[in-house]
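Data file: upload-v7.cif. Format and content: mmCIF, C-alpha atoms.
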```cif
data_target
#
loop_
_atom_site.label_atom_id
_atom_site.label_comp_id
_atom_site.auth_asym_id
_atom_site.auth_seq_id
_atom_site.Cartn_x
_atom_site.Cartn_y
_atom_site.Cartn_z
CA MET V 1308 111.96 95.44 80.03
CA PRO V 1309 111.03 98.17 80.63
CA ILE V 1310 107.76 98.01 78.72
CA PRO V 1311 107.35 101.09 76.50
CA GLY V 1312 104.13 103.03 76.90
CA THR V 1313 101.18 101.62 78.80
CA PRO V 1314 101.07 97.83 79.07
CA SER V 1315 97.98 95.76 78.44
CA ARG V 1316 96.72 93.66 81.32
CA ALA V 1317 98.42 90.56 79.91
CA GLU V 1318 101.70 92.42 79.38
CA LEU V 1319 101.59 93.78 82.91
CA VAL V 1320 100.90 90.35 84.42
CA ASP V 1321 103.91 88.98 82.54
CA HIS V 1322 106.06 91.90 83.71
CA LEU V 1323 104.99 91.45 87.34
CA ILE V 1324 105.99 87.80 87.22
CA ARG V 1325 109.34 88.43 85.48
CA THR V 1326 110.36 91.15 87.95
CA ARG V 1327 108.96 89.21 90.94
CA ILE V 1328 106.66 92.04 91.95
CA ALA V 1329 104.14 89.19 91.94
CA GLY V 1330 104.23 85.49 91.17
CA GLU V 1331 107.03 83.70 93.01
CA VAL V 1332 108.17 86.56 95.23
CA ALA V 1333 111.30 86.90 97.35
CA THR V 1334 109.49 86.99 100.70
CA PRO V 1335 109.77 83.46 102.13
CA ARG V 1336 106.84 81.49 103.49
CA GLU V 1337 108.40 81.41 106.95
CA ASN V 1338 108.39 85.20 107.13
CA ASN V 1339 104.79 85.42 105.96
CA LEU V 1340 103.53 82.96 108.56
CA ASP V 1341 105.56 84.62 111.30
CA HIS V 1342 103.91 87.98 110.55
CA TYR V 1343 100.43 86.44 110.40
CA ARG V 1344 101.07 84.87 113.79
CA ARG V 1345 102.33 88.12 115.28
CA LEU V 1346 99.26 90.00 114.05
CA ALA V 1347 96.98 87.32 115.49
CA ASN V 1348 98.87 87.49 118.81
CA GLY V 1349 98.16 91.19 119.09
CA ASP V 1350 101.55 92.65 118.16
CA ARG V 1351 100.56 96.19 117.15
CA HIS V 1352 103.66 96.67 115.05
CA TYR V 1353 101.85 94.45 112.54
CA TRP V 1354 98.45 96.15 112.89
CA PHE V 1355 99.52 99.20 110.83
CA GLY V 1356 97.49 101.62 112.93
CA LEU V 1357 94.30 99.60 112.73
CA GLU V 1358 92.20 98.55 115.71
CA LEU V 1359 91.59 94.87 115.13
CA GLY V 1360 90.31 94.03 118.60
CA ASP V 1361 89.92 90.30 119.10
CA ARG V 1362 88.51 89.64 115.64
CA TRP V 1363 91.71 88.15 114.19
CA THR V 1364 93.22 86.03 116.93
CA ASP V 1365 93.40 82.86 114.80
CA GLU V 1366 96.36 82.91 112.43
CA GLN V 1367 94.53 80.46 110.16
CA ASP V 1368 91.85 83.10 109.61
CA VAL V 1369 94.58 85.55 108.68
CA LEU V 1370 96.07 83.02 106.25
CA ALA V 1371 92.66 82.52 104.65
CA VAL V 1372 92.29 86.25 104.00
CA MET V 1373 95.80 86.42 102.59
CA ALA V 1374 95.14 83.50 100.27
CA GLU V 1375 91.94 85.12 99.03
CA ARG V 1376 93.16 88.71 98.65
CA CYS V 1377 96.88 88.34 98.03
CA GLY V 1378 97.27 84.89 96.53
CA VAL V 1379 99.61 83.24 99.02
CA ASN V 1380 99.52 79.46 99.28
CA ASP V 1381 96.37 78.51 101.21
CA ASP V 1382 97.77 75.23 102.60
CA PRO V 1383 98.39 75.65 106.36
CA GLN V 1384 100.84 72.75 106.18
CA HIS V 1385 103.08 74.67 103.77
CA ARG V 1386 105.42 76.05 106.42
CA GLN V 1387 108.59 77.01 104.56
CA GLY V 1388 110.05 77.79 101.17
CA GLN V 1389 108.45 79.63 98.28
CA ASP V 1390 105.33 81.74 98.60
CA THR V 1391 103.38 83.66 96.00
CA ILE V 1392 101.38 86.75 95.15
CA ASP V 1393 98.76 86.23 92.45
CA PRO V 1394 99.54 88.78 89.69
CA GLU V 1395 95.91 88.76 88.59
CA LEU V 1396 94.96 89.96 92.08
CA THR V 1397 97.62 92.66 91.80
CA VAL V 1398 96.07 93.96 88.60
CA ASP V 1399 92.57 93.65 90.05
CA GLY V 1400 93.76 95.81 92.95
CA LEU V 1401 95.23 98.37 90.56
CA ASP V 1402 91.89 98.53 88.75
CA ARG V 1403 90.08 99.18 92.04
CA MET V 1404 92.62 101.82 93.02
CA ALA V 1405 92.27 103.42 89.59
CA ALA V 1406 88.52 103.73 90.08
CA ARG V 1407 89.05 105.58 93.37
CA LEU V 1408 91.69 107.85 91.81
CA ARG V 1409 89.33 108.62 88.94
CA LYS V 1410 86.67 109.64 91.49
CA ALA V 1411 89.21 111.85 93.29
CA ALA V 1412 90.16 113.57 90.05
CA ALA V 1413 86.54 114.08 89.02
CA GLY V 1414 85.74 115.68 92.37
CA ARG V 1415 89.03 117.59 92.61
CA GLU V 1416 89.44 116.05 96.01
CA ARG V 1417 91.96 116.88 98.69
CA VAL V 1418 94.51 114.03 98.65
CA LEU V 1419 97.40 113.10 100.92
CA VAL V 1420 100.05 110.89 99.31
CA ALA V 1421 102.51 109.20 101.68
CA THR V 1422 104.84 106.25 102.07
CA GLY V 1423 106.41 104.20 104.81
CA HIS V 1424 108.55 102.46 102.18
CA PRO V 1425 110.47 105.30 100.46
CA GLY V 1426 113.36 103.07 99.39
CA ALA V 1427 111.15 101.36 96.82
CA LEU V 1428 107.79 103.09 96.46
CA LEU V 1429 108.65 106.81 96.60
CA ASP V 1430 108.51 107.26 92.83
CA VAL V 1431 105.30 105.21 92.56
CA HIS V 1432 103.64 107.68 94.91
CA ARG V 1433 105.35 110.73 93.38
CA ALA V 1434 104.00 109.91 89.91
CA THR V 1435 100.52 109.36 91.34
CA ALA V 1436 100.60 112.68 93.22
CA GLU V 1437 101.86 114.49 90.12
CA ALA V 1438 99.05 113.07 87.99
CA LEU V 1439 96.38 113.88 90.57
CA ARG V 1440 97.66 117.44 90.97
CA ALA V 1441 97.66 117.93 87.18
CA ALA V 1442 94.07 116.66 87.10
CA GLY V 1443 93.01 119.34 89.57
CA CYS V 1444 93.24 117.58 92.92
CA ASP V 1445 94.46 119.51 95.95
CA ILE V 1446 97.55 117.60 97.09
CA VAL V 1447 97.83 118.18 100.84
CA VAL V 1448 100.86 120.21 101.90
CA ILE V 1449 101.74 118.98 105.37
CA PRO V 1450 102.66 121.41 108.18
CA ASP V 1451 106.30 122.10 108.92
CA GLY V 1452 108.00 120.85 112.05
CA LEU V 1453 106.08 117.62 112.56
CA LEU V 1454 107.65 114.93 114.75
CA ALA V 1455 106.77 111.25 115.19
CA ASP V 1456 108.60 108.29 116.71
CA GLU V 1457 111.75 110.38 117.32
CA GLY V 1458 111.91 111.29 113.64
CA VAL V 1459 110.68 114.13 111.48
CA VAL V 1460 107.73 113.98 109.13
CA PHE V 1461 108.26 115.91 105.93
CA GLN V 1462 107.32 116.03 102.26
CA LEU V 1463 109.39 115.39 99.15
CA ALA V 1464 107.92 115.60 95.64
CA ASP V 1465 104.41 115.82 97.12
CA VAL V 1466 104.91 112.59 99.11
CA ALA V 1467 104.87 112.62 102.92
CA MET V 1468 107.32 110.34 104.71
CA GLN V 1469 109.48 110.06 107.79
CA ALA V 1470 113.19 110.69 108.21
CA GLY V 1471 115.92 110.82 110.80
CA GLY V 1472 119.10 112.75 110.19
CA ALA V 1473 119.92 112.36 106.51
CA SER V 1474 118.05 109.05 106.08
CA LEU V 1475 114.55 108.29 104.86
CA TRP V 1476 112.87 105.79 107.15
CA HIS V 1477 111.12 102.54 106.40
CA THR V 1478 108.31 102.42 108.96
CA HIS V 1479 105.10 100.56 109.75
CA SER V 1480 104.10 103.14 112.35
CA PRO V 1481 100.80 105.02 112.25
CA GLN V 1482 102.28 107.94 114.18
CA PRO V 1483 103.42 109.96 111.13
CA LEU V 1484 99.84 109.98 109.82
CA ASN V 1485 98.57 111.00 113.25
CA ALA V 1486 101.09 113.84 113.30
CA VAL V 1487 99.93 115.11 109.90
CA LEU V 1488 96.21 114.97 110.70
CA ASP V 1489 96.68 116.57 114.10
CA GLY V 1490 98.94 119.23 112.60
CA LEU V 1491 96.37 120.07 109.94
CA ALA V 1492 93.64 120.32 112.58
CA GLN V 1493 95.76 122.73 114.64
CA LEU V 1494 96.02 124.97 111.57
CA GLY V 1495 92.26 124.81 111.06
CA GLN V 1496 92.61 122.77 107.89
CA ALA V 1497 90.31 119.93 106.88
CA PRO V 1498 91.60 116.36 106.69
CA PRO V 1499 92.14 114.87 103.25
CA ASP V 1500 89.30 113.22 101.35
CA LEU V 1501 91.65 110.43 100.30
CA VAL V 1502 94.98 109.00 101.43
CA VAL V 1503 97.10 107.13 98.87
CA ALA V 1504 99.82 105.32 100.79
CA ASP V 1505 101.08 102.05 102.29
CA HIS V 1506 101.96 100.60 105.71
CA GLY V 1507 100.77 102.50 108.79
CA TRP V 1508 99.94 105.60 106.78
CA ALA V 1509 97.20 103.72 104.91
CA GLY V 1510 96.00 101.70 107.88
CA ARG V 1511 95.63 104.59 110.32
CA ALA V 1512 93.97 106.77 107.67
CA GLY V 1513 91.27 104.15 107.26
CA GLN V 1514 90.98 103.74 111.02
CA ARG V 1515 90.44 107.49 111.36
CA GLY V 1516 87.58 107.38 108.87
CA ILE V 1517 89.38 108.67 105.78
CA ASP V 1518 89.13 106.89 102.43
CA SER V 1519 92.41 105.02 102.05
CA VAL V 1520 94.02 103.05 99.25
CA GLY V 1521 97.47 101.53 99.28
CA TYR V 1522 99.99 98.83 98.55
CA ALA V 1523 100.92 95.87 100.76
CA ASP V 1524 103.30 92.92 100.63
CA CYS V 1525 102.39 89.31 101.34
CA ASN V 1526 103.99 89.55 104.80
CA ASP V 1527 101.86 92.60 105.69
CA PRO V 1528 98.38 91.21 106.33
CA ALA V 1529 96.85 94.21 108.13
CA LEU V 1530 95.78 96.20 105.07
CA PHE V 1531 94.20 93.14 103.44
CA ILE V 1532 92.23 92.49 106.62
CA ALA V 1533 91.22 96.16 106.66
CA GLU V 1534 90.03 95.90 103.06
CA ALA V 1535 88.04 92.77 103.94
CA GLU V 1536 86.41 94.66 106.80
CA GLY V 1537 85.82 97.82 104.74
CA THR V 1538 88.13 100.05 106.78
CA VAL V 1539 90.54 100.49 103.84
CA GLN V 1540 89.07 100.78 100.35
CA VAL V 1541 91.85 99.11 98.38
CA ALA V 1542 94.93 97.03 99.22
CA VAL V 1543 97.04 96.17 96.17
CA PRO V 1544 99.20 93.06 96.70
CA LEU V 1545 102.80 93.29 95.55
CA ASP V 1546 106.37 92.77 96.66
CA ASP V 1547 107.08 96.23 98.04
CA HIS V 1548 110.86 96.15 97.63
CA VAL V 1549 112.11 94.49 94.46
CA ARG V 1550 115.61 94.84 93.04
CA SER V 1551 114.97 98.07 91.11
CA PRO V 1552 112.35 100.77 91.76
CA ARG V 1553 112.12 101.16 87.96
CA TYR V 1554 110.41 97.77 87.83
CA TYR V 1555 107.27 99.48 89.13
CA ASP V 1556 107.10 101.95 86.21
CA PRO V 1557 104.87 99.81 83.95
CA MET V 1558 102.55 99.20 86.89
CA VAL V 1559 102.22 102.95 87.47
CA ALA V 1560 101.61 103.55 83.77
CA TYR V 1561 98.82 100.97 83.82
CA LEU V 1562 97.31 102.47 87.00
CA LEU V 1563 97.26 106.04 85.72
CA ALA V 1564 95.88 105.02 82.34
CA ALA V 1565 93.09 103.05 84.01
CA ALA V 1566 92.34 106.10 86.17
CA GLY V 1567 92.19 108.37 83.12
CA LEU V 1568 95.19 110.33 84.40
CA THR V 1569 97.82 109.50 81.78
CA ALA V 1570 97.36 112.75 79.89
CA ALA V 1571 97.89 114.69 83.11
CA ARG V 1572 101.40 113.35 83.70
#
```

What would you get if you wrote out this structure as structure tokens?
Amino acid sequence: MPIPGTPSRAELVDHLIRTRIAGEVATPRENNLDHYRRLANGDRHYWFGLELGDRWTDEQDVLAVMAERCGVNDDPQHRQGQDTIDPELTVDGLDRMAARLRKAAAGRERVLVATGHPGALLDVHRATAEALRAAGCDIVVIPDGLLADEGVVFQLADVAMQAGGASLWHTHSPQPLNAVLDGLAQLGQAPPDLVVADHGWAGRAGQRGIDSVGYADCNDPALFIAEAEGTVQVAVPLDDHVRSPRYYDPMVAYLLAAAGLTAAR
């Protein structure tokens, strides 16, 4: 650790387990079930900018989706202690994301890259944006002076995010994405063809009819529900804040290689 070069699928699965990006993750079962319950009870903080209506009011239905798409324990009687993310599902999600990135590169699409989790995933998104730009994609440059949720929306290393004062913000809110799309429209610019993101950035993009792929933790069910419903194209399950951001490097190498973007880095 780290794995030199691009890992094989088996090497990546082993790495994900050892670094707890997947496998037995740090997020406890109690926290997962609490978030599933809050989503089912209509708490929009957990909807990530999606409009779920009354389709997901049973937390057991939410648990079933999370077991299928993320790999958490499917036993409703398992109420506390360890929970899991299936590393095979993580790699499957990376393969699906890679296919969409390959399409974006082939079509030289207009792509917005963004994160609501800059403390851990900023460099994951930066590397993806860099590779897409090198492959000929038009990485969206967001307008200056955007505001959302009493913070500013800005761009660093081709990645849009939110900040307040001198601090980058962790946020689930869809409002930063709304601010970017509305700001682009005011300038007469087209929306992106694809959003690569997480949290409310990814959810609201899908809700607004834009192709959206992103990452989500096992306590963030909204994007997995959106993928099940077809609103979001890809939700990759992973622990979205492990001990070192460098732990994600082999995952990014695998993703870009699968997308045919390694040479563009």

Residue nearest Ala1464 of chain V - candidates V:Gly1414, V:Pro1425, V:Gly1378, V:Gly1510, atoms counted: all atoms listed in the file:
V:Pro1425

Considering all atoms listed in the file, can you say which of V:Gly1471, V:Ala1529, V:Tyr1554, V:Ala1560 comes closest to Gly1349 of chain V?
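Using all atoms listed in the file, Gly1349 of chain V sits closest to V:Ala1529.
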
Which residues, written as a JSON list (two decimals) with C-alpha atoms, in the frame of the given file, have at least one atom at most 6 Å from segment 1390-1394 of chain V, with all atoms listed in the file counted and residues fewer than 4 positions away on the same chain left out?
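After the write, result_8.json holds the following:
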```json
[["chain", "number", "residue", "atom", "x", "y", "z"],
["V", 1320, "VAL", "CA", 100.90, 90.35, 84.42],
["V", 1329, "ALA", "CA", 104.14, 89.19, 91.94],
["V", 1330, "GLY", "CA", 104.23, 85.49, 91.17],
["V", 1331, "GLU", "CA", 107.03, 83.70, 93.01],
["V", 1332, "VAL", "CA", 108.17, 86.56, 95.23],
["V", 1335, "PRO", "CA", 109.77, 83.46, 102.13],
["V", 1336, "ARG", "CA", 106.84, 81.49, 103.49],
["V", 1377, "CYS", "CA", 96.88, 88.34, 98.03],
["V", 1378, "GLY", "CA", 97.27, 84.89, 96.53],
["V", 1379, "VAL", "CA", 99.61, 83.24, 99.02]]
```

From atom CA of Asp1445 of chain V to atom CA of Ala1427 of chain V the spacing works out at 24.7 Å

Residue among V:Gln1387, V:Ala1535, V:Gly1458, V:Asp1546 lying closest to Asp1368 of chain V, counting only C-alpha atoms
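Closest to Asp1368 of chain V, using only C-alpha atoms: V:Ala1535.
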
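For the point (101.3, 101.6, 88.8), the residues with an atom at a distance of at most 9 Å are V:Leu1401, V:Val1431, V:His1432, V:Ala1434, V:Thr1435, V:Tyr1555, V:Asp1556, V:Pro1557, V:Met1558, V:Val1559, V:Ala1560, V:Tyr1561, V:Leu1562, V:Leu1563, counting only C-alpha atoms.
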
Can you sort out the box for segment 1466-1481 of chain V, edges along x, y and z, all listed atoms in, 4 Å on every side, with centre and edge lengths in Å to one decimal, as JSON?
```
{"center_x": 110.4, "center_y": 106.7, "center_z": 105.7, "size_x": 27.1, "size_y": 20.2, "size_z": 21.2}
```

Near Leu1439 of chain V, within 8 Å and counting all atoms listed in the file, which residues show up once chain neighbours fewer than 4 positions away are dropped, as a list in words?
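Listed by chain and then number, they are Leu1408, Ala1411, Ala1412, Thr1435, Gly1443, Cys1444, Ile1446, Leu1568 and Ala1571 of chain V.
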
If we count all atoms listed in the file, what is near Arg1433 of chain V at a cut-off of 8 Å, once residues fewer than 6 positions away on the same chain are taken out, given as a ChimeraX atom specification?
/V:1420,1464-1466

Excluding same-chain residues fewer than 3 positions from Ala1470 of chain V, what lies within 12 Å of it counting only C-alpha atoms, as a PyMOL selection string?
chain V and resi 1422-1426+1453-1463+1467+1473-1478+1483

Please write as a list in words the full residue list that the PyMOL selection byres ((chain V and resi 1508) around 7) yields on this file.
Ala1421, Thr1422, Gly1423, Pro1481, Leu1484, Ala1504, Asp1505, His1506, Gly1507, Ala1509, Gly1510, Arg1511 and Ala1512 of chain V

Looking at all atoms listed in the file, which of V:Gly1472, V:Pro1528, V:Gly1490, V:Pro1314 is the one that sits closest to Leu1359 of chain V?
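Of the candidates, the smallest distance to Leu1359 of chain V is held by V:Pro1528.
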